[in-house]
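First up is the structure itself, then whatever we jot down about it.
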Amino acid sequence: MRSALLSCLALVGTSVAAQTTPAPVSAEAAYKTSLWGTIIPITAGAAILVAQGGGEHDRTGAALLLWGGSLFGPALGYAQADLGGRALKGIGIRAGIELVTLVSGLAVCGMFCNHDQERRANIILLGGLSLVTVSAIYDITHLRRNVSRHTATTVSFTPSYAPDRGVGMRVALRHAF
């Protein structure tokens, strides 16, 4: 009976050391990840657009860098600091703004525009770009505060057996700031 109980405890339970969480990322490290994760792709995309100049060029790569940097860049620091919910919230806000902007621009102009419609669509696109930029700046500048406010409490229960005490339960409580 004892050997069966010990076998079950060995299979089900893990040690407290195995359940510890890694050291939290500092607010400064998360801020730098978020900042550079936004700046580098946007700068690279803008540099590609400038290097291509006018004319008929494939601008897909540059557009994807600009879009990805503005959408996902600010969320990288939140994900690194284990604030995945806040990262997804920021991505959702920026994606929603981009979607509404694109649909509005297409509603004004369609696929074939005259000069007046194109001017109105460009104003809508510029407004949407401004809102996405403000959202990205907000996420980056508030990252340090959000990381420092984030507290995590972990409780782990581990079955234990000691020959002199018998079967028991080990409880570990960890509170990280």
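Numbering starts fresh at 1 for the residues of each chain in the structure tokens, the chains themselves are lettered A, B, ... in the order given, and ligands are numbered from 1 as they appear.
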
Name the residues of segment 30-124 of chain A that come out as alpha helix (DSSP H) in a backbone DSSP run; write them as number ranges by chain. A: 30-52, 60-80, 84-109, 115-124

Skip segment 92-108 of chain A itself and residues of its chain fewer than 5 positions away, then list as a list in words all residues within 10 Å of it, counting only C-alpha atoms. Trp67, Ser70, Leu71, Phe72, Arg86, Ala87, Cys113, Gln117, Glu118, Arg119, Arg120, Ala121, Asn122, Ile123, Ile124, Leu125, Leu126, Gly127, Gly128, Leu129, Ser130, Leu131, Val132, Thr133, Val134, Ser135 and Ala136 of chain A

Given the selection you just returned, output its residues as a file containing N, CA and C atoms, formatted as a CSV table (one decimal), in the first residue's frame.
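To be explicit, this is the file written out as part07.csv:
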```
chain,number,residue,atom,x,y,z
A,67,TRP,N,3.0,48.1,-40.7
A,67,TRP,CA,1.8,47.6,-40.1
A,67,TRP,C,2.1,46.7,-38.8
A,70,SER,N,3.5,48.8,-35.9
A,70,SER,CA,2.6,49.7,-35.2
A,70,SER,C,1.5,48.8,-34.5
A,71,LEU,N,1.2,47.6,-35.0
A,71,LEU,CA,0.2,46.8,-34.3
A,71,LEU,C,0.8,46.0,-33.2
A,72,PHE,N,1.9,45.3,-33.4
A,72,PHE,CA,2.4,44.3,-32.4
A,72,PHE,C,3.6,44.9,-31.6
A,86,ARG,N,-3.2,42.6,-21.3
A,86,ARG,CA,-3.0,44.0,-21.7
A,86,ARG,C,-2.4,44.1,-23.1
A,87,ALA,N,-1.5,43.2,-23.4
A,87,ALA,CA,-0.9,43.1,-24.8
A,87,ALA,C,-2.0,42.9,-25.8
A,113,CYS,N,-11.2,56.1,-57.8
A,113,CYS,CA,-11.5,57.4,-57.2
A,113,CYS,C,-11.3,58.5,-58.2
A,117,GLN,N,-12.5,62.5,-54.2
A,117,GLN,CA,-12.7,61.3,-53.4
A,117,GLN,C,-11.4,60.8,-52.8
A,118,GLU,N,-10.4,60.9,-53.6
A,118,GLU,CA,-9.1,60.4,-53.1
A,118,GLU,C,-8.6,61.3,-52.0
A,119,ARG,N,-8.8,62.6,-52.1
A,119,ARG,CA,-8.4,63.6,-51.1
A,119,ARG,C,-9.1,63.3,-49.7
A,120,ARG,N,-10.4,63.0,-49.8
A,120,ARG,CA,-11.2,62.7,-48.6
A,120,ARG,C,-10.7,61.3,-48.0
A,121,ALA,N,-10.5,60.4,-48.9
A,121,ALA,CA,-10.0,59.1,-48.3
A,121,ALA,C,-8.6,59.2,-47.7
A,122,ASN,N,-7.8,60.1,-48.2
A,122,ASN,CA,-6.5,60.3,-47.6
A,122,ASN,C,-6.6,61.0,-46.2
A,123,ILE,N,-7.6,61.9,-46.1
A,123,ILE,CA,-7.8,62.5,-44.8
A,123,ILE,C,-8.3,61.5,-43.8
A,124,ILE,N,-9.1,60.6,-44.2
A,124,ILE,CA,-9.6,59.5,-43.3
A,124,ILE,C,-8.4,58.6,-42.9
A,125,LEU,N,-7.6,58.2,-43.9
A,125,LEU,CA,-6.4,57.3,-43.6
A,125,LEU,C,-5.4,58.0,-42.7
A,126,LEU,N,-5.2,59.3,-42.9
A,126,LEU,CA,-4.3,60.1,-42.0
A,126,LEU,C,-4.9,60.1,-40.6
A,127,GLY,N,-6.2,60.3,-40.4
A,127,GLY,CA,-6.8,60.3,-39.1
A,127,GLY,C,-6.7,59.0,-38.4
A,128,GLY,N,-6.9,57.9,-39.1
A,128,GLY,CA,-6.7,56.6,-38.6
A,128,GLY,C,-5.3,56.3,-38.2
A,129,LEU,N,-4.3,56.7,-39.0
A,129,LEU,CA,-2.9,56.5,-38.7
A,129,LEU,C,-2.6,57.3,-37.4
A,130,SER,N,-3.1,58.5,-37.3
A,130,SER,CA,-2.9,59.3,-36.1
A,130,SER,C,-3.4,58.6,-34.8
A,131,LEU,N,-4.6,58.0,-34.9
A,131,LEU,CA,-5.2,57.3,-33.7
A,131,LEU,C,-4.4,56.1,-33.4
A,132,VAL,N,-3.9,55.4,-34.4
A,132,VAL,CA,-3.0,54.2,-34.1
A,132,VAL,C,-1.7,54.6,-33.5
A,133,THR,N,-1.2,55.7,-33.9
A,133,THR,CA,0.1,56.2,-33.3
A,133,THR,C,-0.1,56.6,-31.9
A,134,VAL,N,-1.2,57.3,-31.6
A,134,VAL,CA,-1.5,57.7,-30.2
A,134,VAL,C,-1.7,56.5,-29.4
A,135,SER,N,-2.4,55.5,-29.9
A,135,SER,CA,-2.6,54.2,-29.1
A,135,SER,C,-1.3,53.6,-28.8
A,136,ALA,N,-0.4,53.5,-29.8
A,136,ALA,CA,0.9,52.9,-29.6
A,136,ALA,C,1.8,53.7,-28.6
```

One number please: atom CA of Trp36 of chain A to atom CA of Ala75 of chain A, in Å, one decimal. 11.2 Å

Separation of atom CA of Ile91 of chain A from atom CA of Ser148 of chain A in Å: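 Atom CA of Ile91 of chain A lies 20.9 Å from atom CA of Ser148 of chain A.
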
Can you list, as a PyMOL selection string, all residues belonging to segment 26-174 of chain A that DSSP tags as strand (DSSP E)? chain A and resi 152-162+166-174

Please produce a file of those selected residues containing C-alpha atoms, as a compact mmCIF listing (two decimals), in the first residue's frame.
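Dumped to result-v5.txt:
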```
# COMPACT_ATOMS: atom_id res chain seq x y z
CA ALA A 152 1.25 37.96 -8.87
CA THR A 153 0.47 35.53 -6.12
CA THR A 154 1.18 31.89 -6.66
CA VAL A 155 0.11 29.06 -4.46
CA SER A 156 1.43 25.58 -5.03
CA PHE A 157 0.29 22.41 -3.32
CA THR A 158 2.65 19.47 -3.32
CA PRO A 159 1.91 16.06 -1.86
CA SER A 160 4.70 14.92 0.41
CA TYR A 161 5.67 11.85 2.35
CA ALA A 162 8.05 11.67 5.27
CA GLY A 166 3.50 10.09 7.05
CA VAL A 167 1.59 11.51 4.10
CA GLY A 168 0.98 15.26 3.99
CA MET A 169 0.59 18.30 1.82
CA ARG A 170 3.21 21.01 1.37
CA VAL A 171 1.85 24.50 0.63
CA ALA A 172 4.05 27.25 -0.82
CA LEU A 173 2.84 30.82 -1.19
CA ARG A 174 4.74 33.33 -3.31
```

Between A:Gln52, A:Gly77, A:Ala44, A:Asp139, which is the closest to Leu64 of chain A once you count only C-alpha atoms?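 Among A:Gln52, A:Gly77, A:Ala44, A:Asp139, it is A:Ala44 that comes nearest to Leu64 of chain A.
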
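By only C-alpha atoms, and with residues fewer than 4 positions from Arg144 of chain A along its chain excluded, the set lying at most 9 Å from it is Ser26, Ala27, Glu28, Ala30, Tyr31, Ile140, Ser148 and Arg149 of chain A.
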
Dump N, CA and C atoms for the selected residues as a compact mmCIF listing (two decimals), in the first residue's frame?
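Okay, this is what ended up in result.txt:
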```txt
# COMPACT_ATOMS: atom_id res chain seq x y z
N SER A 26 12.02 43.20 -15.40
CA SER A 26 11.94 44.56 -14.86
C SER A 26 11.10 45.44 -15.78
N ALA A 27 10.56 46.48 -15.22
CA ALA A 27 9.74 47.41 -15.99
C ALA A 27 10.57 48.08 -17.08
N GLU A 28 11.82 48.35 -16.78
CA GLU A 28 12.70 49.01 -17.76
C GLU A 28 12.99 48.09 -18.94
N ALA A 30 11.08 45.63 -20.05
CA ALA A 30 9.85 45.51 -20.83
C ALA A 30 9.61 46.77 -21.65
N TYR A 31 9.91 47.93 -21.06
CA TYR A 31 9.76 49.21 -21.78
C TYR A 31 10.67 49.24 -23.01
N ILE A 140 3.13 52.32 -24.88
CA ILE A 140 4.55 52.32 -24.55
C ILE A 140 4.83 53.17 -23.32
N SER A 148 4.82 47.79 -12.93
CA SER A 148 5.07 47.94 -11.49
C SER A 148 3.81 47.69 -10.67
N ARG A 149 2.64 47.90 -11.24
CA ARG A 149 1.38 47.61 -10.54
C ARG A 149 1.03 46.13 -10.55
```

Can you work out the spacing between atom CA of Asn146 of chain A and atom CA of Leu66 of chain A in Å, to one decimal? 25.6 Å
